Every structure is written in structure tokens, then in C-alpha cells.
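Participant: Pasting run-v7.pdb below, which is PDB, C-alpha atoms.
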```
ATOM      1  CA  ILE X   1      71.197  -8.730 170.760
ATOM      2  CA  GLY X   2      70.779 -12.309 169.612
ATOM      3  CA  SER X   3      68.031 -14.190 167.835
ATOM      4  CA  ASP X   4      66.842 -15.620 171.167
ATOM      5  CA  ILE X   5      65.902 -12.136 172.348
ATOM      6  CA  THR X   6      64.300 -11.214 169.032
ATOM      7  CA  VAL X   7      62.006 -14.240 169.020
ATOM      8  CA  GLY X   8      61.376 -13.834 172.759
ATOM      9  CA  VAL X   9      60.197 -10.257 172.283
ATOM     10  CA  HIS X  10      57.899 -11.402 169.486
ATOM     11  CA  ALA X  11      56.522 -14.311 171.532
ATOM     12  CA  SER X  12      55.777 -12.058 174.509
ATOM     13  CA  GLN X  13      53.762  -9.673 172.273
ATOM     14  CA  LEU X  14      55.560  -6.734 173.847
ATOM     15  CA  LYS X  15      53.724  -4.012 171.970
ATOM     16  CA  THR X  16      50.326  -5.215 173.220
ATOM     17  CA  LEU X  17      51.223  -4.982 176.923
ATOM     18  CA  GLY X  18      51.192  -1.197 177.224
ATOM     19  CA  LYS X  19      52.544   2.056 175.864
ATOM     20  CA  VAL X  20      55.909   1.709 177.641
ATOM     21  CA  VAL X  21      57.168  -1.847 178.189
ATOM     22  CA  LEU X  22      60.537  -3.354 179.138
ATOM     23  CA  TYR X  23      61.643  -6.852 178.153
ATOM     24  CA  ILE X  24      64.570  -8.184 180.202
ATOM     25  CA  ASP X  25      66.274 -11.501 179.547
ATOM     26  CA  ILE X  26      68.346 -12.186 182.653
ATOM     27  CA  GLY X  27      71.376 -14.265 181.794
ATOM     28  CA  THR X  28      75.134 -13.878 181.391
ATOM     29  CA  ASN X  29      74.295 -10.947 179.145
ATOM     30  CA  GLY X  30      71.415  -8.940 180.533
ATOM     31  CA  GLU X  31      69.649  -8.203 177.245
ATOM     32  CA  ILE X  32      67.036  -5.475 177.471
ATOM     33  CA  VAL X  33      64.474  -4.180 174.980
ATOM     34  CA  LEU X  34      62.289  -1.095 175.480
ATOM     35  CA  TRP X  35      59.050  -0.387 173.645
ATOM     36  CA  ASP X  36      58.270   3.301 174.140
ATOM     37  CA  GLY X  37      54.965   3.296 172.308
ATOM     38  CA  ASP X  38      56.588   4.187 169.018
ATOM     39  CA  THR X  39      59.937   2.427 168.598
ATOM     40  CA  LEU X  40      61.930  -0.514 169.938
ATOM     41  CA  CYS X  41      65.352   0.129 171.450
ATOM     42  CA  SER X  42      67.727  -2.478 172.874
ATOM     43  CA  CYS X  43      71.003  -2.967 174.705
ATOM     44  CA  SER X  44      73.119  -5.769 176.135
ATOM     45  CA  SER X  45      74.759  -5.482 179.540
ATOM     46  CA  ALA X  46      77.517  -7.869 180.637
ATOM     47  CA  ALA X  47      75.861  -9.106 183.818
ATOM     48  CA  GLY X  48      77.906 -12.253 184.318
ATOM     49  CA  PRO X  49      76.486 -15.659 185.234
ATOM     50  CA  ALA X  50      75.453 -15.048 188.874
ATOM     51  CA  PHE X  51      71.705 -15.343 188.263
ATOM     52  CA  GLU X  52      72.292 -18.567 186.349
ATOM     53  CA  GLY X  53      74.198 -19.926 189.340
ATOM     54  CA  ALA X  54      77.520 -20.316 187.530
ATOM     55  CA  SER X  55      79.602 -17.912 189.644
ATOM     56  CA  ILE X  56      77.855 -18.743 192.937
ATOM     57  CA  LYS X  57      79.569 -21.167 195.350
ATOM     58  CA  HIS X  58      76.585 -23.505 195.546
ATOM     59  CA  GLY X  59      74.778 -22.177 192.484
ATOM     60  CA  MET X  60      73.090 -24.324 189.845
ATOM     61  CA  ALA X  61      70.527 -24.221 187.067
ATOM     62  CA  ALA X  62      66.812 -24.316 187.827
ATOM     63  CA  THR X  63      66.507 -28.105 187.750
ATOM     64  CA  ALA X  64      65.287 -30.766 190.200
ATOM     65  CA  GLY X  65      66.917 -30.352 193.603
ATOM     66  CA  ALA X  66      67.661 -26.657 193.160
ATOM     67  CA  VAL X  67      66.552 -24.422 196.009
ATOM     68  CA  ASP X  68      64.131 -22.031 194.299
ATOM     69  CA  SER X  69      62.989 -19.949 197.273
ATOM     70  CA  VAL X  70      64.436 -18.955 200.641
ATOM     71  CA  TYR X  71      62.444 -17.174 203.350
ATOM     72  CA  HIS X  72      62.631 -16.255 207.034
ATOM     73  CA  GLU X  73      59.530 -16.909 209.114
ATOM     74  CA  TYR X  74      59.052 -16.943 212.887
ATOM     75  CA  GLY X  75      62.804 -16.765 213.396
ATOM     76  CA  VAL X  76      63.450 -19.813 211.201
ATOM     77  CA  LEU X  77      65.161 -19.907 207.811
ATOM     78  CA  SER X  78      63.213 -22.110 205.388
ATOM     79  CA  HIS X  79      63.395 -23.018 201.723
ATOM     80  CA  THR X  80      61.673 -24.886 198.918
ATOM     81  CA  THR X  81      63.209 -26.930 196.112
ATOM     82  CA  ILE X  82      62.249 -27.734 192.554
ATOM     83  CA  ALA X  83      60.338 -31.036 192.398
ATOM     84  CA  GLY X  84      60.502 -31.204 196.201
ATOM     85  CA  GLU X  85      63.823 -33.032 196.075
ATOM     86  CA  GLU X  86      66.695 -32.727 198.545
ATOM     87  CA  ALA X  87      68.523 -29.413 198.186
ATOM     88  CA  ILE X  88      71.740 -29.609 196.190
ATOM     89  CA  GLY X  89      72.260 -25.954 195.228
ATOM     90  CA  LEU X  90      70.739 -22.522 194.637
ATOM     91  CA  CYS X  91      69.119 -21.414 191.380
ATOM     92  CA  GLY X  92      68.582 -17.790 190.328
ATOM     93  CA  SER X  93      65.323 -17.148 192.164
ATOM     94  CA  ALA X  94      66.779 -18.408 195.465
ATOM     95  CA  ILE X  95      69.922 -16.334 194.943
ATOM     96  CA  ILE X  96      67.746 -13.216 194.729
ATOM     97  CA  ASP X  97      65.859 -14.328 197.855
ATOM     98  CA  CYS X  98      69.107 -14.796 199.803
ATOM     99  CA  VAL X  99      70.300 -11.267 199.097
ATOM    100  CA  ALA X 100      66.901  -9.730 199.868
ATOM    101  CA  LEU X 101      66.716 -11.670 203.132
ATOM    102  CA  LEU X 102      70.217 -10.583 204.157
ATOM    103  CA  LEU X 103      69.259  -6.970 203.462
ATOM    104  CA  ASP X 104      65.950  -7.165 205.331
ATOM    105  CA  LEU X 105      67.620  -8.712 208.389
ATOM    106  CA  GLN X 106      70.476  -6.187 208.175
ATOM    107  CA  LEU X 107      73.012  -8.981 207.792
ATOM    108  CA  ILE X 108      74.660  -7.117 204.920
ATOM    109  CA  ASP X 109      75.046  -3.359 204.612
ATOM    110  CA  GLU X 110      74.665  -1.102 201.578
ATOM    111  CA  THR X 111      78.162  -2.043 200.400
ATOM    112  CA  GLY X 112      77.394  -5.776 200.572
ATOM    113  CA  ALA X 113      79.631  -6.429 203.589
ATOM    114  CA  MET X 114      78.294  -9.250 205.771
ATOM    115  CA  ALA X 115      77.742  -8.896 209.520
ATOM    116  CA  GLU X 116      80.371 -10.322 211.849
ATOM    117  CA  ASP X 117      78.021 -12.387 213.977
ATOM    118  CA  ASP X 118      74.462 -13.697 213.800
ATOM    119  CA  GLN X 119      72.770 -17.024 214.474
ATOM    120  CA  LEU X 120      71.883 -17.360 210.781
ATOM    121  CA  LEU X 121      75.490 -16.901 209.664
ATOM    122  CA  VAL X 122      78.267 -19.469 209.829
ATOM    123  CA  ASP X 123      82.005 -19.487 209.227
ATOM    124  CA  THR X 124      83.108 -21.452 206.173
ATOM    125  CA  PRO X 125      86.427 -21.872 204.330
ATOM    126  CA  ASP X 126      85.045 -19.161 202.025
ATOM    127  CA  GLY X 127      84.301 -16.762 204.882
ATOM    128  CA  LYS X 128      80.973 -15.797 206.412
ATOM    129  CA  ALA X 129      77.909 -17.369 204.836
ATOM    130  CA  LEU X 130      74.161 -17.750 205.175
ATOM    131  CA  LYS X 131      73.449 -21.401 205.962
ATOM    132  CA  ILE X 132      70.586 -22.804 203.894
ATOM    133  CA  THR X 133      71.177 -26.511 204.646
ATOM    134  CA  GLU X 134      74.068 -28.555 205.996
ATOM    135  CA  THR X 135      75.607 -28.595 202.534
ATOM    136  CA  VAL X 136      74.264 -25.454 200.842
ATOM    137  CA  TYR X 137      75.512 -21.981 201.769
ATOM    138  CA  PHE X 138      75.326 -18.460 200.369
ATOM    139  CA  THR X 139      78.634 -16.686 200.949
ATOM    140  CA  ASN X 140      79.732 -13.060 201.155
ATOM    141  CA  ARG X 141      81.574 -13.575 197.874
ATOM    142  CA  ASP X 142      78.270 -14.687 196.357
ATOM    143  CA  VAL X 143      76.784 -11.368 197.476
ATOM    144  CA  ARG X 144      79.551  -9.592 195.545
ATOM    145  CA  GLU X 145      78.761 -11.601 192.415
ATOM    146  CA  VAL X 146      75.106 -10.593 192.685
ATOM    147  CA  GLN X 147      76.107  -6.946 193.100
ATOM    148  CA  LEU X 148      78.050  -7.060 189.838
ATOM    149  CA  ALA X 149      75.172  -8.710 187.982
ATOM    150  CA  LYS X 150      72.333  -6.594 189.319
ATOM    151  CA  ALA X 151      74.300  -3.369 188.820
ATOM    152  CA  ALA X 152      74.886  -4.192 185.158
ATOM    153  CA  ILE X 153      71.229  -4.950 184.500
ATOM    154  CA  ALA X 154      69.880  -2.011 186.529
ATOM    155  CA  ALA X 155      72.287   0.405 184.833
ATOM    156  CA  GLY X 156      71.282  -0.968 181.429
ATOM    157  CA  ILE X 157      67.605  -0.439 182.235
ATOM    158  CA  GLU X 158      68.219   3.111 183.442
ATOM    159  CA  THR X 159      70.328   3.964 180.388
ATOM    160  CA  LEU X 160      67.702   2.631 177.989
ATOM    161  CA  LEU X 161      64.918   4.557 179.736
ATOM    162  CA  ALA X 162      67.009   7.746 179.769
ATOM    163  CA  HIS X 163      67.664   7.358 176.034
ATOM    164  CA  ALA X 164      63.887   7.450 175.509
ATOM    165  CA  HIS X 165      63.496  10.343 177.997
ATOM    166  CA  LEU X 166      61.490   8.080 180.294
ATOM    167  CA  GLY X 167      61.688   6.920 183.906
ATOM    168  CA  PRO X 168      60.485   3.871 185.871
ATOM    169  CA  GLU X 169      57.256   5.689 186.681
ATOM    170  CA  ASP X 170      56.371   5.623 182.968
ATOM    171  CA  LEU X 171      56.489   1.833 182.689
ATOM    172  CA  ASP X 172      53.236   0.003 182.035
ATOM    173  CA  ALA X 173      54.819  -3.451 182.201
ATOM    174  CA  VAL X 174      58.145  -5.215 182.727
ATOM    175  CA  VAL X 175      58.562  -8.660 181.161
ATOM    176  CA  ILE X 176      61.143 -10.954 182.791
ATOM    177  CA  ALA X 177      62.441 -13.836 180.692
ATOM    178  CA  GLY X 178      65.307 -16.272 181.121
ATOM    179  CA  GLY X 179      66.315 -19.246 183.206
ATOM    180  CA  PHE X 180      64.370 -18.317 186.340
ATOM    181  CA  GLY X 181      61.328 -20.216 185.207
ATOM    182  CA  PHE X 182      58.311 -18.673 186.886
ATOM    183  CA  SER X 183      59.492 -18.743 190.511
ATOM    184  CA  VAL X 184      61.282 -15.408 190.917
ATOM    185  CA  ASN X 185      59.962 -13.314 193.826
ATOM    186  CA  LYS X 186      59.133  -9.957 192.247
ATOM    187  CA  ASP X 187      59.290  -8.002 195.510
ATOM    188  CA  ASN X 188      62.742  -9.408 196.231
ATOM    189  CA  ALA X 189      63.980  -8.591 192.727
ATOM    190  CA  ILE X 190      62.981  -4.983 193.390
ATOM    191  CA  ARG X 191      64.412  -5.110 196.917
ATOM    192  CA  ILE X 192      67.927  -5.960 195.761
ATOM    193  CA  GLY X 193      67.841  -3.327 193.012
ATOM    194  CA  LEU X 194      67.674  -5.713 190.071
ATOM    195  CA  LEU X 195      64.366  -4.274 188.845
ATOM    196  CA  PRO X 196      63.071  -0.698 189.030
ATOM    197  CA  SER X 197      60.751   0.158 191.889
ATOM    198  CA  ILE X 198      57.329  -0.313 190.313
ATOM    199  CA  ALA X 199      54.085  -2.031 191.308
ATOM    200  CA  VAL X 200      54.655  -5.792 191.277
ATOM    201  CA  GLU X 201      51.429  -6.205 189.303
ATOM    202  CA  LYS X 202      53.252  -4.654 186.347
ATOM    203  CA  ILE X 203      55.960  -7.344 186.381
ATOM    204  CA  LEU X 204      55.296 -10.380 184.183
ATOM    205  CA  VAL X 205      57.532 -13.448 184.523
ATOM    206  CA  VAL X 206      57.305 -15.398 181.277
ATOM    207  CA  GLY X 207      60.001 -18.070 181.593
ATOM    208  CA  ASN X 208      61.848 -19.163 178.462
ATOM    209  CA  ALA X 209      60.163 -16.987 175.845
ATOM    210  CA  ALA X 210      62.922 -17.745 173.339
ATOM    211  CA  ILE X 211      61.882 -21.395 173.041
ATOM    212  CA  ARG X 212      58.251 -20.451 172.457
ATOM    213  CA  GLY X 213      59.333 -17.897 169.875
ATOM    214  CA  ALA X 214      61.517 -20.416 168.045
ATOM    215  CA  GLN X 215      58.674 -22.937 168.000
ATOM    216  CA  ALA X 216      56.359 -20.311 166.514
ATOM    217  CA  ILE X 217      58.820 -19.612 163.681
ATOM    218  CA  LEU X 218      59.053 -23.317 162.857
ATOM    219  CA  MET X 219      55.272 -23.516 162.657
ATOM    220  CA  SER X 220      54.681 -20.390 160.570
ATOM    221  CA  GLY X 221      56.476 -18.596 157.762
ATOM    222  CA  LYS X 222      54.415 -15.506 158.575
ATOM    223  CA  THR X 223      55.889 -15.457 162.079
ATOM    224  CA  ALA X 224      59.404 -15.659 160.633
ATOM    225  CA  ASP X 225      58.685 -12.598 158.471
ATOM    226  CA  GLU X 226      57.314 -10.706 161.473
ATOM    227  CA  VAL X 227      60.417 -11.524 163.522
ATOM    228  CA  GLU X 228      62.677 -10.323 160.698
ATOM    229  CA  ARG X 229      60.812  -7.000 160.544
ATOM    230  CA  LEU X 230      61.098  -6.687 164.310
ATOM    231  CA  ARG X 231      64.854  -7.234 164.070
ATOM    232  CA  LYS X 232      65.265  -4.561 161.414
ATOM    233  CA  ASP X 233      63.111  -2.059 163.303
ATOM    234  CA  THR X 234      64.942  -2.383 166.642
ATOM    235  CA  GLN X 235      67.610   0.192 167.466
ATOM    236  CA  TYR X 236      70.693  -0.993 169.384
ATOM    237  CA  ILE X 237      72.645   1.064 171.942
ATOM    238  CA  GLU X 238      76.258   0.055 172.622
ATOM    239  CA  LEU X 239      76.639   0.421 176.400
ATOM    240  CA  SER X 240      80.411   0.003 176.369
ATOM    241  CA  LEU X 241      80.620   3.396 174.635
ATOM    242  CA  SER X 242      78.345   5.124 177.155
ATOM    243  CA  GLN X 243      79.971   7.091 179.976
ATOM    244  CA  ALA X 244      76.524   7.505 181.541
ATOM    245  CA  PHE X 245      76.162   3.718 181.714
ATOM    246  CA  GLN X 246      79.539   3.370 183.445
ATOM    247  CA  GLU X 247      78.533   5.947 186.064
ATOM    248  CA  ARG X 248      75.156   4.310 186.626
ATOM    249  CA  TYR X 249      76.822   0.910 186.936
ATOM    250  CA  ILE X 250      78.966   2.143 189.833
ATOM    251  CA  GLU X 251      75.932   3.717 191.518
ATOM    252  CA  HIS X 252      73.886   0.520 191.255
ATOM    253  CA  MET X 253      76.626  -1.567 192.877
ATOM    254  CA  MET X 254      75.342  -0.286 196.212
ATOM    255  CA  PHE X 255      72.235  -1.608 197.937
ATOM    256  CA  GLN X 256      69.507   0.709 199.164
TER     257      GLN X 256
END
```
Translate the structure of the given file into C-alpha cells.

Facilitator:
Amino acid sequence: IGSDITVGVHASQLKTLGKVVLYIDIGTNGEIVLWDGDTLCSCSSAAGPAFEGASIKHGMAATAGAVDSVYHEYGVLSHTTIAGEEAIGLCGSAIIDCVALLLDLQLIDETGAMAEDDQLLVDTPDGKALKITETVYFTNRDVREVQLAKAAIAAGIETLLAHAHLGPEDLDAVVIAGGFGFSVNKDNAIRIGLLPSIAVEKILVVGNAAIRGAQAILMSGKTADEVERLRKDTQYIELSLSQAFQERYIEHMMFQ
């Protein structure tokens, strides 16, 4: 667990949000911290860069021109972009939306396999794909990349909760940080199995908490001392040594 997570946890005031709170930084490493009302416990799960757009055919960072939401309404596939500019790629929030939409319309099955034929799907050099615009697609291989990423994060969450003898039903809040900004659709994140099935009101999307935490340290020596104590008091679980994590990872590869 890096300094970005440590300062992010401090900036989000995790311990004030409830008795049992999860902090999840969704990036190449899905870094997760659990406050169980008494102690802090953490882990890092190798999620890969799918939610940052790096392993997605038309993926990109959440910058101007990135598609940040995709939805199906009245039989029409629509989208929005950051800054309202012409779509040039898909950022993390739209990637989640694409998978949720494909699941809801039964265009992929529980294994992630894409349907053979549908008016929303097109043939591309990379195989079947969901057509977002004339130049932006979401392919079946992209679905596979999301499966790998969401399975790693979901298995990490489950392992951390099990370590504390807790379940999703015990959570008072889930804090989502990282490169999504504030646009991630909470229902869709649950739908694809990235987040545990809890009331969406308990999910807080806080954007780049690490930057705010770093700024706070620069402004206050007291904050720096608090962050150092937080670091020392946080237990770390090595997931690569956990057979239970490996089994959960395989289970979470499937969609529900």
C-alpha cells in the first residue's frame, strides 16, 4: 500500500463515516482499506489497468472527449462525454456502463461471451463489439479485461471482510477513490460485480483523494504526523499468499 492510499484514507476521514467502512482506490492495483470500528486492515489486488482505460481497445483517461457514461433508452444507445466534446474514447465510468448494459440486454452471458447477433453489436477486426460511435467501440476482449479487473477487486474486498469476520451487510459506507472522477454509476458498479451489493446511498465517490491528502500534508505538520500514525497502525494482508483469495478471484470472474 503506497503513500497515495495512506493520505487518501486520511483525507476521506474514513473512521468518521461509520463503524465498518471500506476505502477502495480503483487503479492498476486495486488498493483496499477496511475500518472495522477498531482497526485498519489493507490489501493490494493486481487489478490491471482496465478501469483506467489502458488495456481497453478504445480506452482513455477521464479527460476532455472521453465518453463518461453510456446508456440505453427507448431502444437507442446514447452517451455523454467529458466537457461535451466529440467522443474519442472510453474512460473508466463508461467502461463500467458498457458491461452493465451488455448484461442487462443479455448481450453477454455469465462467462462474458458476447451474443452472435444484435442490432447494437457490430463486427470489427477485433471481433464482436458494442458500437458507441462510428469510431469508438467496446469489444468482447474489452469485456474480458473488465472481468479480470473486477474479479481482482471483488475478491480483495471479500478477503478483507472475511479476515475481519464481516460481510457486505455489515458495511456502513464504501468510499470509491481513483481516476473515475465523480461520474461512476454506482448501480452499474454493483451490477457488474465490482462492488458488493449494498444500498447505493452507502457508496461515496470521492475522486482523487490522494491529491487532497498530499495538499493537506504540505499545509500542516500535524496532518503529516497523523498520516504517519495511520500508516503504522494499518495492518497489511498479502493476497498473493492467500489460497482463499485465489479461489474467490476465480469465482468473481463470472457475472451474475

Participant: May I ask which of the residues X:Ile108, X:Ala149, X:Ile190, X:Ile132 is the closest one to X:Ser78, counting all atoms listed in the file?

Facilitator: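 Checking each of X:Ile108, X:Ala149, X:Ile190, X:Ile132 against X:Ser78, counting all atoms listed in the file, the winner is X:Ile132.
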
Participant: Would you kindly translate the PyMOL selection byres ((chain X and resi 151) around 8) into the concrete residues it picks from this file, as a JSON list (two decimals) with C-alpha atoms, in the frame of the given file?

Facilitator:
```
[["chain", "number", "residue", "atom", "x", "y", "z"],
["X", 47, "ALA", "CA", 75.86, -9.11, 183.82],
["X", 147, "GLN", "CA", 76.11, -6.95, 193.10],
["X", 148, "LEU", "CA", 78.05, -7.06, 189.84],
["X", 149, "ALA", "CA", 75.17, -8.71, 187.98],
["X", 150, "LYS", "CA", 72.33, -6.59, 189.32],
["X", 152, "ALA", "CA", 74.89, -4.19, 185.16],
["X", 153, "ILE", "CA", 71.23, -4.95, 184.50],
["X", 154, "ALA", "CA", 69.88, -2.01, 186.53],
["X", 155, "ALA", "CA", 72.29, 0.40, 184.83],
["X", 193, "GLY", "CA", 67.84, -3.33, 193.01],
["X", 194, "LEU", "CA", 67.67, -5.71, 190.07],
["X", 249, "TYR", "CA", 76.82, 0.91, 186.94],
["X", 250, "ILE", "CA", 78.97, 2.14, 189.83],
["X", 251, "GLU", "CA", 75.93, 3.72, 191.52],
["X", 252, "HIS", "CA", 73.89, 0.52, 191.26],
["X", 253, "MET", "CA", 76.63, -1.57, 192.88]]
```

Participant: Kindly indicate which residue among X:Asp170, X:Ile82, X:Ile26, X:Arg212 lies nearest to X:Pro196, using all atoms listed in the file for the distances.

Facilitator: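 Using all atoms listed in the file, the shortest distance to X:Pro196 belongs to X:Asp170.
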
Participant: For the file shown, what are the residues hit by the PyMOL selection byres ((chain X and resi 100-107) around 8), laid out as a short mmCIF file (atom, residue, chain, number, x, y, z; two decimals) with C-alpha atoms, keeping the file's coordinate frame?

Facilitator:
```cif
data_model
loop_
_atom_site.label_atom_id
_atom_site.label_comp_id
_atom_site.auth_asym_id
_atom_site.auth_seq_id
_atom_site.Cartn_x
_atom_site.Cartn_y
_atom_site.Cartn_z
CA TYR X 71 62.44 -17.17 203.35
CA HIS X 72 62.63 -16.26 207.03
CA ILE X 96 67.75 -13.22 194.73
CA ASP X 97 65.86 -14.33 197.86
CA CYS X 98 69.11 -14.80 199.80
CA VAL X 99 70.30 -11.27 199.10
CA ILE X 108 74.66 -7.12 204.92
CA ASP X 109 75.05 -3.36 204.61
CA MET X 114 78.29 -9.25 205.77
CA ALA X 115 77.74 -8.90 209.52
CA ASP X 118 74.46 -13.70 213.80
CA ASN X 188 62.74 -9.41 196.23
CA ALA X 189 63.98 -8.59 192.73
CA ARG X 191 64.41 -5.11 196.92
CA ILE X 192 67.93 -5.96 195.76
#
```

Participant: Could you pull the residues within 9 Å of X:Glu52, counting all atoms listed in the file, minus those fewer than 4 positions along the same chain, as a PyMOL selection string?

Facilitator: chain X and resi 26-28+48+56+59-62+91-92+179-180

Participant: Mind writing the picked residues with C-alpha atoms as a PDB file, in the coordinates of the input?

Facilitator:
```pdb
ATOM      1  CA  ILE X  26      68.346 -12.186 182.653  1.00  0.00           C
ATOM      2  CA  GLY X  27      71.376 -14.265 181.794  1.00  0.00           C
ATOM      3  CA  THR X  28      75.134 -13.878 181.391  1.00  0.00           C
ATOM      4  CA  GLY X  48      77.906 -12.253 184.318  1.00  0.00           C
ATOM      5  CA  ILE X  56      77.855 -18.743 192.937  1.00  0.00           C
ATOM      6  CA  GLY X  59      74.778 -22.177 192.484  1.00  0.00           C
ATOM      7  CA  MET X  60      73.090 -24.324 189.845  1.00  0.00           C
ATOM      8  CA  ALA X  61      70.527 -24.221 187.067  1.00  0.00           C
ATOM      9  CA  ALA X  62      66.812 -24.316 187.827  1.00  0.00           C
ATOM     10  CA  CYS X  91      69.119 -21.414 191.380  1.00  0.00           C
ATOM     11  CA  GLY X  92      68.582 -17.790 190.328  1.00  0.00           C
ATOM     12  CA  GLY X 179      66.315 -19.246 183.206  1.00  0.00           C
ATOM     13  CA  PHE X 180      64.370 -18.317 186.340  1.00  0.00           C
TER      14      PHE X 180
END
```

Participant: When distances are computed from all atoms listed in the file, which of X:Val7, X:Ala94, X:Val20, X:Leu77 shows the smallest separation from X:Glu226?

Facilitator: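 Closest candidate: X:Val7.
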
Participant: Please compute the atom CA of X:Gly65-atom CA of X:Glu86 distance, one decimal, in Å.

Facilitator: 5.5 Å

Participant: So, counting only C-alpha atoms, which residue among X:Ile198, X:Asp36, X:Gly2, X:Lys186 is closest to X:His165?

Facilitator: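 Nearest candidate to X:His165 out of X:Ile198, X:Asp36, X:Gly2, X:Lys186: X:Asp36.
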
Participant: Please, can stretch 21-45 of chain X be completed to N, CA and C atoms and returned as a short mmCIF file (atom, residue, chain, number, x, y, z; two decimals), in the frame of the given file?

Facilitator:
```
data_model
loop_
_atom_site.label_atom_id
_atom_site.label_comp_id
_atom_site.auth_asym_id
_atom_site.auth_seq_id
_atom_site.Cartn_x
_atom_site.Cartn_y
_atom_site.Cartn_z
N VAL X 21 56.95 -0.49 177.68
CA VAL X 21 57.17 -1.85 178.19
C VAL X 21 58.64 -2.22 178.07
N LEU X 22 59.17 -2.83 179.13
CA LEU X 22 60.54 -3.35 179.14
C LEU X 22 60.50 -4.87 179.02
N TYR X 23 61.42 -5.41 178.23
CA TYR X 23 61.64 -6.85 178.15
C TYR X 23 63.07 -7.10 178.62
N ILE X 24 63.24 -7.93 179.64
CA ILE X 24 64.57 -8.18 180.20
C ILE X 24 64.82 -9.68 180.21
N ASP X 25 65.85 -10.11 179.50
CA ASP X 25 66.27 -11.50 179.55
C ASP X 25 67.49 -11.57 180.47
N ILE X 26 67.30 -12.18 181.63
CA ILE X 26 68.35 -12.19 182.65
C ILE X 26 69.22 -13.42 182.49
N GLY X 27 70.40 -13.20 181.97
CA GLY X 27 71.38 -14.26 181.79
C GLY X 27 72.77 -13.69 181.91
N THR X 28 73.76 -14.37 181.35
CA THR X 28 75.13 -13.88 181.39
C THR X 28 75.23 -12.50 180.76
N ASN X 29 74.50 -12.29 179.68
CA ASN X 29 74.30 -10.95 179.14
C ASN X 29 72.87 -10.53 179.47
N GLY X 30 72.74 -9.45 180.23
CA GLY X 30 71.42 -8.94 180.53
C GLY X 30 70.92 -8.17 179.31
N GLU X 31 70.11 -8.82 178.48
CA GLU X 31 69.65 -8.20 177.24
C GLU X 31 68.28 -7.57 177.48
N ILE X 32 68.18 -6.30 177.11
CA ILE X 32 67.04 -5.48 177.47
C ILE X 32 66.47 -4.82 176.23
N VAL X 33 65.16 -4.84 176.09
CA VAL X 33 64.47 -4.18 174.98
C VAL X 33 63.39 -3.28 175.55
N LEU X 34 63.30 -2.06 175.04
CA LEU X 34 62.29 -1.10 175.48
C LEU X 34 61.37 -0.74 174.32
N TRP X 35 60.07 -0.90 174.56
CA TRP X 35 59.05 -0.39 173.64
C TRP X 35 58.51 0.89 174.26
N ASP X 36 58.68 2.02 173.57
CA ASP X 36 58.27 3.30 174.14
C ASP X 36 56.95 3.81 173.57
N GLY X 37 56.23 2.92 172.91
CA GLY X 37 54.96 3.30 172.31
C GLY X 37 55.09 3.65 170.84
N ASP X 38 56.34 3.81 170.40
CA ASP X 38 56.59 4.19 169.02
C ASP X 38 57.69 3.36 168.38
N THR X 39 58.79 3.15 169.13
CA THR X 39 59.94 2.43 168.60
C THR X 39 60.45 1.40 169.61
N LEU X 40 61.25 0.47 169.10
CA LEU X 40 61.93 -0.51 169.94
C LEU X 40 63.41 -0.15 170.01
N CYS X 41 63.94 -0.17 171.23
CA CYS X 41 65.35 0.13 171.45
C CYS X 41 65.92 -0.96 172.35
N SER X 42 67.17 -1.35 172.13
CA SER X 42 67.73 -2.48 172.87
C SER X 42 69.16 -2.21 173.32
N CYS X 43 69.61 -3.00 174.27
CA CYS X 43 71.00 -2.97 174.70
C CYS X 43 71.35 -4.31 175.34
N SER X 44 72.63 -4.55 175.50
CA SER X 44 73.12 -5.77 176.14
C SER X 44 74.14 -5.39 177.19
N SER X 45 73.90 -5.85 178.42
CA SER X 45 74.76 -5.48 179.54
C SER X 45 75.44 -6.74 180.09
#
```
